[in-house]
Each structure stands twice: as C-alpha cells, then as structure tokens.
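Have a look at coords18.pdb; it's PDB, C-alpha atoms:
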ATOM      1  CA  MET O   1      -5.933  -6.924 -25.164
ATOM      2  CA  THR O   2      -8.452  -8.256 -22.640
ATOM      3  CA  ASP O   3     -11.901  -9.276 -23.857
ATOM      4  CA  VAL O   4     -14.168  -7.780 -21.173
ATOM      5  CA  ASN O   5     -16.800 -10.410 -21.945
ATOM      6  CA  THR O   6     -14.498 -13.065 -20.457
ATOM      7  CA  LEU O   7     -14.281 -11.316 -17.091
ATOM      8  CA  GLY O   8     -17.792 -12.113 -15.931
ATOM      9  CA  LYS O   9     -19.642 -10.309 -13.156
ATOM     10  CA  VAL O  10     -17.169  -8.170 -11.208
ATOM     11  CA  ALA O  11     -17.440  -6.824  -7.657
ATOM     12  CA  VAL O  12     -15.470  -3.698  -6.822
ATOM     13  CA  LEU O  13     -14.819  -4.059  -3.094
ATOM     14  CA  MET O  14     -14.798  -0.601  -1.547
ATOM     15  CA  GLY O  15     -15.421   1.127   1.762
ATOM     16  CA  GLY O  16     -14.953  -1.494   4.447
ATOM     17  CA  THR O  17     -14.361  -0.863   8.134
ATOM     18  CA  SER O  18     -10.791   0.442   8.339
ATOM     19  CA  ALA O  19      -9.577   3.919   9.207
ATOM     20  CA  GLU O  20      -9.057   4.376   5.454
ATOM     21  CA  ARG O  21     -12.733   3.824   4.581
ATOM     22  CA  GLU O  22     -13.204   7.320   3.142
ATOM     23  CA  VAL O  23     -10.248   6.944   0.779
ATOM     24  CA  SER O  24     -11.374   3.447  -0.224
ATOM     25  CA  LEU O  25     -14.801   4.741  -1.220
ATOM     26  CA  MET O  26     -13.116   7.309  -3.465
ATOM     27  CA  SER O  27     -10.804   4.677  -4.979
ATOM     28  CA  GLY O  28     -13.670   2.275  -5.568
ATOM     29  CA  ALA O  29     -15.855   4.901  -7.213
ATOM     30  CA  GLY O  30     -13.078   5.709  -9.688
ATOM     31  CA  VAL O  31     -12.376   2.061 -10.481
ATOM     32  CA  LEU O  32     -16.082   1.272 -10.874
ATOM     33  CA  GLN O  33     -16.623   4.125 -13.329
ATOM     34  CA  ALA O  34     -13.507   3.193 -15.319
ATOM     35  CA  LEU O  35     -14.413  -0.484 -15.633
ATOM     36  CA  ARG O  36     -17.995   0.309 -16.637
ATOM     37  CA  SER O  37     -16.721   2.741 -19.267
ATOM     38  CA  LEU O  38     -14.948  -0.228 -20.891
ATOM     39  CA  GLY O  39     -18.049  -2.423 -20.819
ATOM     40  CA  VAL O  40     -17.148  -4.502 -17.753
ATOM     41  CA  ASP O  41     -20.139  -5.816 -15.787
ATOM     42  CA  ALA O  42     -18.898  -4.168 -12.577
ATOM     43  CA  HIS O  43     -20.851  -3.552  -9.359
ATOM     44  CA  PRO O  44     -19.999  -1.775  -6.077
ATOM     45  CA  PHE O  45     -19.739  -3.952  -2.990
ATOM     46  CA  ASP O  46     -19.132  -2.581   0.511
ATOM     47  CA  PRO O  47     -18.174  -5.297   3.026
ATOM     48  CA  ALA O  48     -19.242  -2.960   5.827
ATOM     49  CA  ASP O  49     -22.823  -3.233   4.607
ATOM     50  CA  ARG O  50     -23.030  -6.762   3.204
ATOM     51  CA  SER O  51     -21.735 -10.215   4.048
ATOM     52  CA  LEU O  52     -18.964 -11.465   1.771
ATOM     53  CA  GLN O  53     -21.041 -14.613   1.289
ATOM     54  CA  ALA O  54     -23.235 -12.525  -1.030
ATOM     55  CA  LEU O  55     -20.372 -12.485  -3.531
ATOM     56  CA  LYS O  56     -20.766 -16.219  -4.006
ATOM     57  CA  ASP O  57     -24.551 -16.232  -3.707
ATOM     58  CA  GLU O  58     -24.890 -13.550  -6.387
ATOM     59  CA  GLY O  59     -22.501 -15.174  -8.850
ATOM     60  CA  PHE O  60     -19.589 -12.761  -8.902
ATOM     61  CA  ALA O  61     -16.772 -14.160 -11.025
ATOM     62  CA  ARG O  62     -13.945 -11.979  -9.679
ATOM     63  CA  CYS O  63     -13.242  -9.053  -7.363
ATOM     64  CA  PHE O  64     -11.312  -5.844  -7.780
ATOM     65  CA  ILE O  65     -10.089  -5.046  -4.262
ATOM     66  CA  ALA O  66     -10.189  -1.267  -3.768
ATOM     67  CA  LEU O  67     -10.192  -1.661   0.020
ATOM     68  CA  HIS O  68      -7.375  -0.051   1.997
ATOM     69  CA  GLY O  69      -6.078  -0.919   5.441
ATOM     70  CA  ARG O  70      -7.310  -3.491   7.932
ATOM     71  CA  HIS O  71      -9.656  -6.257   6.812
ATOM     72  CA  GLY O  72      -9.155  -5.279   3.183
ATOM     73  CA  GLU O  73      -5.432  -5.089   2.522
ATOM     74  CA  ASP O  74      -4.118  -7.366   5.269
ATOM     75  CA  GLY O  75      -5.033 -10.831   4.019
ATOM     76  CA  CYS O  76      -8.440 -11.092   5.710
ATOM     77  CA  VAL O  77     -10.599 -10.465   2.629
ATOM     78  CA  GLN O  78      -8.100 -12.348   0.503
ATOM     79  CA  GLY O  79      -8.493 -15.412   2.730
ATOM     80  CA  ALA O  80     -12.269 -15.268   2.550
ATOM     81  CA  LEU O  81     -12.144 -15.029  -1.248
ATOM     82  CA  GLU O  82      -9.747 -17.983  -1.359
ATOM     83  CA  MET O  83     -12.235 -20.034   0.644
ATOM     84  CA  MET O  84     -15.030 -19.102  -1.765
ATOM     85  CA  GLY O  85     -12.899 -19.647  -4.854
ATOM     86  CA  ILE O  86     -13.420 -16.130  -6.224
ATOM     87  CA  PRO O  87     -10.292 -14.685  -7.927
ATOM     88  CA  TYR O  88      -9.228 -11.254  -6.711
ATOM     89  CA  THR O  89      -6.789  -8.510  -7.619
ATOM     90  CA  GLY O  90      -3.513  -7.853  -5.877
ATOM     91  CA  SER O  91      -1.369  -9.934  -3.590
ATOM     92  CA  GLY O  92      -2.373 -13.178  -1.929
ATOM     93  CA  VAL O  93      -3.023 -13.912   1.731
ATOM     94  CA  MET O  94       0.542 -14.170   3.031
ATOM     95  CA  ALA O  95       2.023 -11.283   1.034
ATOM     96  CA  SER O  96      -0.902  -9.030   1.961
ATOM     97  CA  ALA O  97      -0.583  -9.863   5.664
ATOM     98  CA  ILE O  98       3.174  -9.286   5.763
ATOM     99  CA  ALA O  99       3.113  -6.082   3.716
ATOM    100  CA  MET O 100       0.404  -4.605   5.959
ATOM    101  CA  ASP O 101       2.664  -5.047   8.994
ATOM    102  CA  LYS O 102       5.598  -2.633   8.731
ATOM    103  CA  VAL O 103       7.585  -4.457  11.426
ATOM    104  CA  MET O 104       7.314  -7.834   9.696
ATOM    105  CA  THR O 105       8.066  -6.206   6.344
ATOM    106  CA  LYS O 106      11.249  -4.673   7.731
ATOM    107  CA  ARG O 107      12.361  -7.995   9.193
ATOM    108  CA  LEU O 108      12.017  -9.690   5.838
ATOM    109  CA  TRP O 109      13.718  -6.877   3.921
ATOM    110  CA  LEU O 110      16.626  -6.822   6.351
ATOM    111  CA  ALA O 111      16.997 -10.593   5.966
ATOM    112  CA  GLU O 112      17.156 -10.032   2.202
ATOM    113  CA  GLY O 113      19.783  -7.303   2.549
ATOM    114  CA  LEU O 114      17.436  -4.533   1.406
ATOM    115  CA  PRO O 115      17.830  -1.015   2.864
ATOM    116  CA  THR O 116      15.205   0.255   5.306
ATOM    117  CA  PRO O 117      15.516   2.853   8.095
ATOM    118  CA  ARG O 118      16.597   1.748  11.569
ATOM    119  CA  HIS O 119      13.627   1.029  13.806
ATOM    120  CA  VAL O 120      12.457   0.075  17.285
ATOM    121  CA  TRP O 121       9.337  -2.019  17.827
ATOM    122  CA  LEU O 122       7.431  -1.357  21.043
ATOM    123  CA  ALA O 123       5.002  -4.221  21.575
ATOM    124  CA  PRO O 124       2.250  -4.100  24.216
ATOM    125  CA  GLY O 125       3.912  -4.351  27.614
ATOM    126  CA  GLN O 126       7.035  -2.611  26.293
ATOM    127  CA  GLN O 127       5.619   0.899  26.054
ATOM    128  CA  ASP O 128       6.506   2.282  29.486
ATOM    129  CA  ALA O 129       7.918   5.766  29.937
ATOM    130  CA  ASP O 130      11.529   4.558  29.982
ATOM    131  CA  ALA O 131      11.164   2.637  26.697
ATOM    132  CA  ILE O 132       9.595   5.652  25.007
ATOM    133  CA  ALA O 133      12.208   8.044  26.401
ATOM    134  CA  ALA O 134      14.981   5.786  25.039
ATOM    135  CA  LEU O 135      13.877   6.177  21.407
ATOM    136  CA  PRO O 136      15.966   9.312  20.623
ATOM    137  CA  ALA O 137      19.140   7.626  21.888
ATOM    138  CA  GLN O 138      18.411   4.638  19.649
ATOM    139  CA  LEU O 139      17.178   6.426  16.537
ATOM    140  CA  GLY O 140      18.243  10.050  16.859
ATOM    141  CA  LEU O 141      16.078  13.119  16.374
ATOM    142  CA  PRO O 142      14.014  13.810  14.465
ATOM    143  CA  LEU O 143      12.376  10.383  14.400
ATOM    144  CA  VAL O 144       9.045   9.052  13.183
ATOM    145  CA  VAL O 145       6.427   7.263  15.294
ATOM    146  CA  LYS O 146       4.041   5.037  13.333
ATOM    147  CA  ALA O 147       1.088   2.728  13.802
ATOM    148  CA  PRO O 148       2.672  -0.299  12.103
ATOM    149  CA  ARG O 149      -0.540  -1.684  10.573
ATOM    150  CA  GLU O 150      -2.084   1.484   9.131
ATOM    151  CA  GLY O 151      -1.630   3.341   5.858
ATOM    152  CA  SER O 152      -2.330   6.787   4.389
ATOM    153  CA  SER O 153      -0.118   8.380   7.092
ATOM    154  CA  ILE O 154      -2.733   7.535   9.738
ATOM    155  CA  GLY O 155      -1.144   7.378  13.202
ATOM    156  CA  VAL O 156       2.146   8.821  11.924
ATOM    157  CA  THR O 157       3.987  11.646  13.700
ATOM    158  CA  LYS O 158       7.351  13.218  12.962
ATOM    159  CA  VAL O 159       8.926  13.993  16.329
ATOM    160  CA  THR O 160      11.526  16.755  16.518
ATOM    161  CA  ASP O 161      11.322  17.342  20.275
ATOM    162  CA  ALA O 162      11.705  14.505  22.802
ATOM    163  CA  ALA O 163       9.112  16.200  24.999
ATOM    164  CA  LYS O 164       6.484  15.369  22.372
ATOM    165  CA  LEU O 165       7.300  11.652  22.160
ATOM    166  CA  HIS O 166       4.590  10.511  24.562
ATOM    167  CA  ALA O 167       1.918  12.404  22.608
ATOM    168  CA  ALA O 168       3.140  10.805  19.356
ATOM    169  CA  VAL O 169       3.005   7.335  20.907
ATOM    170  CA  ALA O 170      -0.496   8.027  22.228
ATOM    171  CA  GLU O 171      -1.598   9.025  18.721
ATOM    172  CA  SER O 172      -0.150   5.817  17.276
ATOM    173  CA  LEU O 173      -1.894   3.721  19.949
ATOM    174  CA  ARG O 174      -5.263   5.093  18.839
ATOM    175  CA  PHE O 175      -4.905   2.881  15.769
ATOM    176  CA  ASP O 176      -2.649  -0.037  16.736
ATOM    177  CA  PRO O 177      -1.606  -1.827  19.948
ATOM    178  CA  ASP O 178       2.002  -1.855  18.705
ATOM    179  CA  VAL O 179       4.208   1.185  18.127
ATOM    180  CA  LEU O 180       6.950   1.539  15.534
ATOM    181  CA  GLY O 181       9.709   4.065  16.071
ATOM    182  CA  GLU O 182      11.699   4.743  12.915
ATOM    183  CA  GLU O 183      14.814   6.705  12.017
ATOM    184  CA  PHE O 184      13.938   9.839  10.061
ATOM    185  CA  ILE O 185      15.647  10.005   6.674
ATOM    186  CA  GLN O 186      16.238  13.552   5.465
ATOM    187  CA  GLY O 187      15.980  13.747   1.685
ATOM    188  CA  ASP O 188      13.726  13.117  -1.291
ATOM    189  CA  GLU O 189      10.436  11.298  -0.791
ATOM    190  CA  LEU O 190       9.669   8.896  -3.643
ATOM    191  CA  THR O 191       7.150   6.280  -4.654
ATOM    192  CA  CYS O 192       7.365   3.615  -7.344
ATOM    193  CA  PRO O 193       4.518   1.361  -8.526
ATOM    194  CA  VAL O 194       4.987  -2.211  -9.741
ATOM    195  CA  MET O 195       2.791  -4.348 -11.963
ATOM    196  CA  GLY O 196       3.020  -8.082 -12.579
ATOM    197  CA  GLU O 197       4.393 -11.057 -10.716
ATOM    198  CA  GLY O 198       7.730 -12.742 -10.124
ATOM    199  CA  ALA O 199      10.259 -12.449 -12.920
ATOM    200  CA  ASP O 200       7.639 -10.720 -15.098
ATOM    201  CA  ALA O 201       7.022  -7.891 -12.606
ATOM    202  CA  ARG O 202       7.966  -4.463 -13.903
ATOM    203  CA  ALA O 203       8.505  -1.161 -12.121
ATOM    204  CA  LEU O 204       6.669   1.897 -13.456
ATOM    205  CA  PRO O 205       8.201   5.398 -13.484
ATOM    206  CA  VAL O 206       9.313   6.828 -10.137
ATOM    207  CA  ILE O 207       7.379   9.778  -8.691
ATOM    208  CA  ARG O 208       9.138  12.398  -6.564
ATOM    209  CA  ILE O 209       6.887  13.909  -3.902
ATOM    210  CA  VAL O 210       7.473  17.504  -2.842
ATOM    211  CA  PRO O 211       5.267  18.171   0.188
ATOM    212  CA  PRO O 212       4.395  21.562   1.648
ATOM    213  CA  GLU O 213       6.125  22.815   4.766
ATOM    214  CA  ALA O 214       3.464  21.126   6.926
ATOM    215  CA  GLY O 215       4.424  17.697   5.587
ATOM    216  CA  TYR O 216       2.853  14.891   3.579
ATOM    217  CA  ASP O 217      -0.005  13.933   5.896
ATOM    218  CA  TYR O 218      -3.446  12.355   5.339
ATOM    219  CA  GLN O 219      -5.111  15.680   4.545
ATOM    220  CA  HIS O 220      -2.471  16.708   2.003
ATOM    221  CA  LYS O 221      -2.439  13.264   0.375
ATOM    222  CA  TYR O 222      -6.124  13.261  -0.544
ATOM    223  CA  PHE O 223      -7.846  16.573  -0.026
ATOM    224  CA  THR O 224      -5.563  19.442  -1.091
ATOM    225  CA  ASP O 225      -3.480  20.399  -4.099
ATOM    226  CA  ASP O 226      -0.569  21.659  -2.002
ATOM    227  CA  VAL O 227       1.697  18.676  -2.758
ATOM    228  CA  ARG O 228       3.789  18.672  -5.940
ATOM    229  CA  TYR O 229       4.239  15.339  -7.724
ATOM    230  CA  LEU O 230       7.075  15.106 -10.246
ATOM    231  CA  CYS O 231       6.791  12.382 -12.865
ATOM    232  CA  PRO O 232       9.228  12.210 -14.596
ATOM    233  CA  SER O 233      10.960  12.405 -11.238
ATOM    234  CA  GLY O 234      13.861  14.553 -12.407
ATOM    235  CA  LEU O 235      16.317  12.125 -10.793
ATOM    236  CA  PRO O 236      19.446  11.068 -12.674
ATOM    237  CA  GLU O 237      18.657   8.115 -14.928
ATOM    238  CA  ALA O 238      21.023   5.766 -13.102
ATOM    239  CA  GLU O 239      19.476   6.681  -9.739
ATOM    240  CA  GLU O 240      15.943   6.056 -10.987
ATOM    241  CA  ARG O 241      16.974   2.657 -12.392
ATOM    242  CA  GLU O 242      18.568   1.727  -9.061
ATOM    243  CA  ILE O 243      15.429   2.704  -7.170
ATOM    244  CA  GLN O 244      13.313   0.614  -9.549
ATOM    245  CA  ARG O 245      15.678  -2.330  -9.011
ATOM    246  CA  ILE O 246      15.385  -2.101  -5.232
ATOM    247  CA  VAL O 247      11.607  -1.730  -5.416
ATOM    248  CA  LEU O 248      11.288  -4.826  -7.602
ATOM    249  CA  ALA O 249      13.479  -6.782  -5.182
ATOM    250  CA  ALA O 250      11.351  -5.611  -2.256
ATOM    251  CA  TYR O 251       8.106  -6.505  -4.060
ATOM    252  CA  ARG O 252       9.338  -9.949  -5.072
ATOM    253  CA  SER O 253      10.784 -10.692  -1.630
ATOM    254  CA  LEU O 254       7.322 -10.343  -0.068
ATOM    255  CA  GLY O 255       5.733 -12.490  -2.771
ATOM    256  CA  CYS O 256       3.563  -9.637  -4.035
ATOM    257  CA  ARG O 257       1.635 -10.009  -7.259
ATOM    258  CA  GLY O 258      -0.734  -8.122  -9.546
ATOM    259  CA  TRP O 259       0.266  -4.625  -8.552
ATOM    260  CA  GLY O 260       1.606  -2.587  -5.663
ATOM    261  CA  ARG O 261       3.472   0.574  -4.778
ATOM    262  CA  ALA O 262       6.611   1.045  -2.706
ATOM    263  CA  ASP O 263       7.383   4.228  -0.782
ATOM    264  CA  LEU O 264      10.990   5.279  -0.235
ATOM    265  CA  MET O 265      13.266   8.039   1.008
ATOM    266  CA  VAL O 266      16.583   8.925  -0.622
ATOM    267  CA  ARG O 267      19.018  10.347   1.911
ATOM    268  CA  ALA O 268      20.259  13.753   0.815
ATOM    269  CA  SER O 269      23.750  13.327   2.255
ATOM    270  CA  ASP O 270      24.764  10.286   0.184
ATOM    271  CA  ARG O 271      21.756   9.561  -2.112
ATOM    272  CA  LYS O 272      21.201   6.163  -0.483
ATOM    273  CA  PRO O 273      17.596   4.889  -0.899
ATOM    274  CA  PHE O 274      15.630   3.472   2.032
ATOM    275  CA  LEU O 275      12.440   1.412   1.675
ATOM    276  CA  LEU O 276       9.600   2.513   3.939
ATOM    277  CA  GLU O 277       6.683   0.245   3.015
ATOM    278  CA  ILE O 278       4.767  -1.482   0.242
ATOM    279  CA  ASN O 279       1.069  -0.913  -0.440
ATOM    280  CA  THR O 280      -0.595  -4.004  -1.904
ATOM    281  CA  SER O 281      -3.914  -2.249  -2.602
ATOM    282  CA  PRO O 282      -2.814   1.236  -3.679
ATOM    283  CA  GLY O 283      -5.100   4.219  -3.822
ATOM    284  CA  MET O 284      -6.952   4.976  -7.041
ATOM    285  CA  THR O 285      -8.346   8.420  -6.222
ATOM    286  CA  SER O 286      -7.863  11.618  -8.217
ATOM    287  CA  HIS O 287      -4.780  12.319  -6.057
ATOM    288  CA  SER O 288      -3.367   8.794  -6.209
ATOM    289  CA  LEU O 289       0.080   7.959  -7.466
ATOM    290  CA  VAL O 290      -0.197   4.656  -9.328
ATOM    291  CA  PRO O 291      -2.466   6.210 -12.007
ATOM    292  CA  MET O 292      -0.036   9.125 -12.313
ATOM    293  CA  SER O 293       2.952   6.840 -12.863
ATOM    294  CA  ALA O 294       1.003   4.583 -15.227
ATOM    295  CA  ARG O 295      -0.014   7.604 -17.274
ATOM    296  CA  ALA O 296       3.672   8.517 -17.668
ATOM    297  CA  ALA O 297       4.208   4.969 -18.962
ATOM    298  CA  GLY O 298       1.408   5.380 -21.523
ATOM    299  CA  ILE O 299      -1.342   3.559 -19.604
ATOM    300  CA  ASP O 300      -4.505   5.573 -19.002
ATOM    301  CA  TYR O 301      -6.709   5.126 -15.931
ATOM    302  CA  PRO O 302      -9.360   2.815 -17.460
ATOM    303  CA  GLN O 303      -6.711   0.581 -19.048
ATOM    304  CA  LEU O 304      -4.816   0.465 -15.757
ATOM    305  CA  CYS O 305      -7.961  -0.717 -13.978
ATOM    306  CA  LEU O 306      -8.598  -3.309 -16.686
ATOM    307  CA  ARG O 307      -5.035  -4.644 -16.533
ATOM    308  CA  VAL O 308      -5.227  -5.015 -12.776
ATOM    309  CA  LEU O 309      -8.623  -6.720 -13.017
ATOM    310  CA  ALA O 310      -7.406  -9.116 -15.710
ATOM    311  CA  SER O 311      -4.596 -10.222 -13.361
ATOM    312  CA  ALA O 312      -7.056 -11.370 -10.669
ATOM    313  CA  ARG O 313      -6.425 -14.891  -9.454
ATOM    314  CA  LEU O 314      -6.302 -17.153  -6.409
ATOM    315  CA  ASP O 315      -3.182 -18.138  -4.484
ATOM    316  CA  SER O 316      -3.386 -21.613  -5.982
ATOM    317  CA  ALA O 317      -5.699 -23.845  -7.955
ATOM    318  CA  ARG O 318      -8.606 -25.078  -5.876
ATOM    319  CA  PRO O 319      -8.134 -28.735  -4.920
ATOM    320  CA  ALA O 320     -10.617 -31.303  -6.041
ATOM    321  CA  PRO O 321     -13.200 -32.113  -3.357
ATOM    322  CA  ILE O 322     -12.393 -35.146  -1.203
ATOM    323  CA  GLN O 323     -14.568 -38.065  -2.152
ATOM    324  CA  PRO O 324     -16.128 -40.132   0.650
ATOM    325  CA  ALA O 325     -14.534 -43.539   1.176
TER     326      ALA O 325
END

Kindly transcribe the structure held in the file into structure tokens.
Amino acid sequence: MTDVNTLGKVAVLMGGTSAEREVSLMSGAGVLQALRSLGVDAHPFDPADRSLQALKDEGFARCFIALHGRHGEDGCVQGALEMMGIPYTGSGVMASAIAMDKVMTKRLWLAEGLPTPRHVWLAPGQQDADAIAALPAQLGLPLVVKAPREGSSIGVTKVTDAAKLHAAVAESLRFDPDVLGEEFIQGDELTCPVMGEGADARALPVIRIVPPEAGYDYQHKYFTDDVRYLCPSGLPEAEEREIQRIVLAAYRSLGCRGWGRADLMVRASDRKPFLLEINTSPGMTSHSLVPMSARAAGIDYPQLCLRVLASARLDSARPAPIQPA
C-alpha cells in the first residue's frame, strides 16, 4: 500500500497543445478527482496555459502525465521533467519518443521478430501521385492510411477504393508531414494494458473491441456508447495468454515503464495477432480501456491512478553537480 503522504505535491498534467487536447482534459479531470479522493495533494496543470518551469518554482514533487499526443506523450515533456529533476509517470524520454512514432516502432518490432502489419512509409518528398497510387499493389485493398505520430484514430482512414487514396493521404497530412500506409488486417480488434517495468511488467486482461458498422473512430472512442467492449474478451485462454506474451515483449522491447497499452488485430483467417501501436500515456476517460481492464483484474479507478502515480520516476538518478576546479 502507498502512503499518500509520501507522494508530496502532485501535478496532473492535462490539456496541452496536441490534437488530443480535448481527450487529455477529460483524462486529467478523472485522474485528478481520483487522486484527491484518496487524499493526494493533487493539482491540475495545463502546459498550454503555464510554463513548465512553474512546476519547479511551485515545489511539485512529481507529475502524473495525463497528456496525450505531441508534446505530452512523445518525450518532450519527459525531457523537460528530466532536466528539472521532477519524477513523472509512464515511459522515459527515448521509449516515449519511439512509441509515439509508428514507423520507428514498427522498425524496432520487426528487428525483434514481433508481428506487425506490412507498411509503407511515405516521407516528405516521396508523396507524389505515383507513390500514392502504388500503395494498393504493395499492401492490397483495403488498406489503412495513418498520420504516424498521432493517436486516438486522428488522421486515420480505412481505404477500400483506390480512387479515395489521395483524399486519405491529404487527411493524414493535416496532422503529420509523413504518411504511413498499412496493410489492413481483417479480424478481431483487441487492446491489452501493461503495468510495471522490465521483468516485473505484467499484462492486464485483454479487451475485445466490437465497433459499429461505421468503425472505431475518434467520435466512437470517446463520445458515443455504440462500441461494445468485451472484458473478459471471450477469446480462448491460450490465445489470450499468447496475446499477453506478445504485448509484454513489445512493451519491453521499446523500454516502456510504468504503464501502457498495446493495440492489436487478430487475423480472422488464421488467428495470427498483429501489433499496431503502443500508447505510453493511455486515456483515462469514462470510455477508456485501461481502467476497464484494471477493473477486471480487481483494481478500481482510484487505486489504478495511485499505482501509476507511485511508479513515477526519472530515467536515471540525477548526477551530482560538477564542482569548479
């Protein structure tokens, strides 16, 4: 059990400047209320409104990062907190930066022999009409076009007709200068949270996501009740264990810590799982999936928030200051 009196003054970082600001504000509000209900001296802090230097000036002892997307989940805030010596929740600078970039994540997973859908990366200067038109020949149809450094399905389009490829790429480019084309995996959509670090990391129960006909987009993720979430997943026990094993391997390979959540597809034809991405600052809204999985494991929302907060740390111990000669 964590003694809340040892945690000190806590900032819940929420809001920020990314395309996921609205979701982050909802996550942060939930975390703030939960921590306060347990007696934690927690305060809201929006980096869009205040300089991060205020965290040090006002004596915050640690931060719960409830930011999502750019400048909050990509190593930027983590680096600033490292410089100030303020422990924070979730993964460190390098793991956060890699996990936020779906192309870099795939490269690392493929090097580790972990399954992820086939993909094509279109960097700036490689997005001409011919390169876009070649995607179906490389990946098949349907395929998925993604903004590689966004979350919450922002900038994501499932393309079933090659004539709509250019519009999908244009939508992706609204959010990212790079474009990721990805093979579409037909089958079950799953997510699996992880808590802990290294050999001590543990996978929580798998959630099976059953979206409406329109798909699992930003609106359905956060603002409707049209999506069905199955936890227990209803998968065969051996299949769930295998998915948890792959998720743990994916989490550890990126050097993630504290907590995270991996999204996967299981191909219907042969039940092979494919890793899509890892979220290193998962949502904590009323529709979010980590609290749902934790609840199935016997961890309620306030205790989940407290466990994550208690795991806050820096990448490494701060070195002693250099003494003048």

Give me the residues near Arg70 (chain O) as a list in words, where near means some atom within 7 Å (using all atoms listed in the file) and where sequence neighbours in that chain fewer than 3 positions away do not count.
Ser18, Glu73 and Asp74 of chain O

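Within the file as shown, the PyMOL selection byres ((chain O and resi 316) around 12) identifies Gly79, Leu81, Glu82, Met83, Gly85, Ile86, Pro87, Tyr88, Gly92, Val93, Ala312, Arg313, Leu314, Asp315, Ala317, Arg318 and Pro319 of chain O.
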
Could you state which residues are captured by the PyMOL selection byres ((chain O and resi 143-153) around 8) in this file, as a ChimeraX atom specification?
/O:19-20,68-70,100-103,136,139-142,154-160,168-169,172-173,175-176,178-184,216-218,221

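The nearest approach to Arg252 (chain O) among the residues O:Gly283, O:Gly90, O:Gly15, O:Gly196, with all atoms listed in the file taken into account, belongs to O:Gly196.
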
As a check of understanding, name the residues that the PyMOL selection byres ((chain O and resi 242) around 12) selects in the supplied structure, as an MDAnalysis selection string.
chainID O and resid 192 203 205:206 235:241 243:249 266 271:274

Computed interatomic separation between CA of Val120 (chain O) and CA of Lys106 (chain O) (Å)
10.7 Å

Find the distance between CA of Met94 (chain O) and CA of Val31 (chain O) and write it in Å to one decimal.
24.8 Å

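Residues in contact with Ala66 (chain O) at up to 7 Å, not including ones fewer than 4 positions away on its chain and judged by all atoms listed in the file, are Val12, Leu13, Met14, Ser24, Ser27, Gly28 and Ser281 of chain O.
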
Could you check how far CA of Ala310 (chain O) sits from CA of Trp259 (chain O), in Å to one decimal?
11.4 Å

Within 10 Å of Phe45 (chain O), counting only C-alpha atoms, which residues qualify if same-chain residues fewer than 3 places away don't, as a JSON list (two decimals) with C-alpha atoms, in the coordinates of the input?
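Full text of part.json as output:
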[["chain", "number", "residue", "atom", "x", "y", "z"],
["O", 10, "VAL", "CA", -17.17, -8.17, -11.21],
["O", 11, "ALA", "CA", -17.44, -6.82, -7.66],
["O", 12, "VAL", "CA", -15.47, -3.70, -6.82],
["O", 13, "LEU", "CA", -14.82, -4.06, -3.09],
["O", 14, "MET", "CA", -14.80, -0.60, -1.55],
["O", 15, "GLY", "CA", -15.42, 1.13, 1.76],
["O", 16, "GLY", "CA", -14.95, -1.49, 4.45],
["O", 28, "GLY", "CA", -13.67, 2.28, -5.57],
["O", 42, "ALA", "CA", -18.90, -4.17, -12.58],
["O", 48, "ALA", "CA", -19.24, -2.96, 5.83],
["O", 49, "ASP", "CA", -22.82, -3.23, 4.61],
["O", 50, "ARG", "CA", -23.03, -6.76, 3.20],
["O", 51, "SER", "CA", -21.74, -10.22, 4.05],
["O", 52, "LEU", "CA", -18.96, -11.46, 1.77],
["O", 54, "ALA", "CA", -23.24, -12.52, -1.03],
["O", 55, "LEU", "CA", -20.37, -12.48, -3.53],
["O", 63, "CYS", "CA", -13.24, -9.05, -7.36],
["O", 64, "PHE", "CA", -11.31, -5.84, -7.78],
["O", 65, "ILE", "CA", -10.09, -5.05, -4.26],
["O", 66, "ALA", "CA", -10.19, -1.27, -3.77]]

List the neighbours of Asn279 (chain O) out to 7 Å using all atoms listed in the file; skip same-chain residues closer than 6 positions along the sequence, and give me the result as a PyMOL selection string.
chain O and resi 99+260-262

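The neighbours of Asp128 (chain O) here are the residues that come within 12 Å of it, using all atoms listed in the file and leaving out any residue fewer than 3 positions away in the same chain; they are Leu122, Ala123, Pro124, Gly125, Ala131, Ile132, Ala133, Ala134, Leu135, Leu165, His166, Val169, Ala170 and Val179 of chain O.
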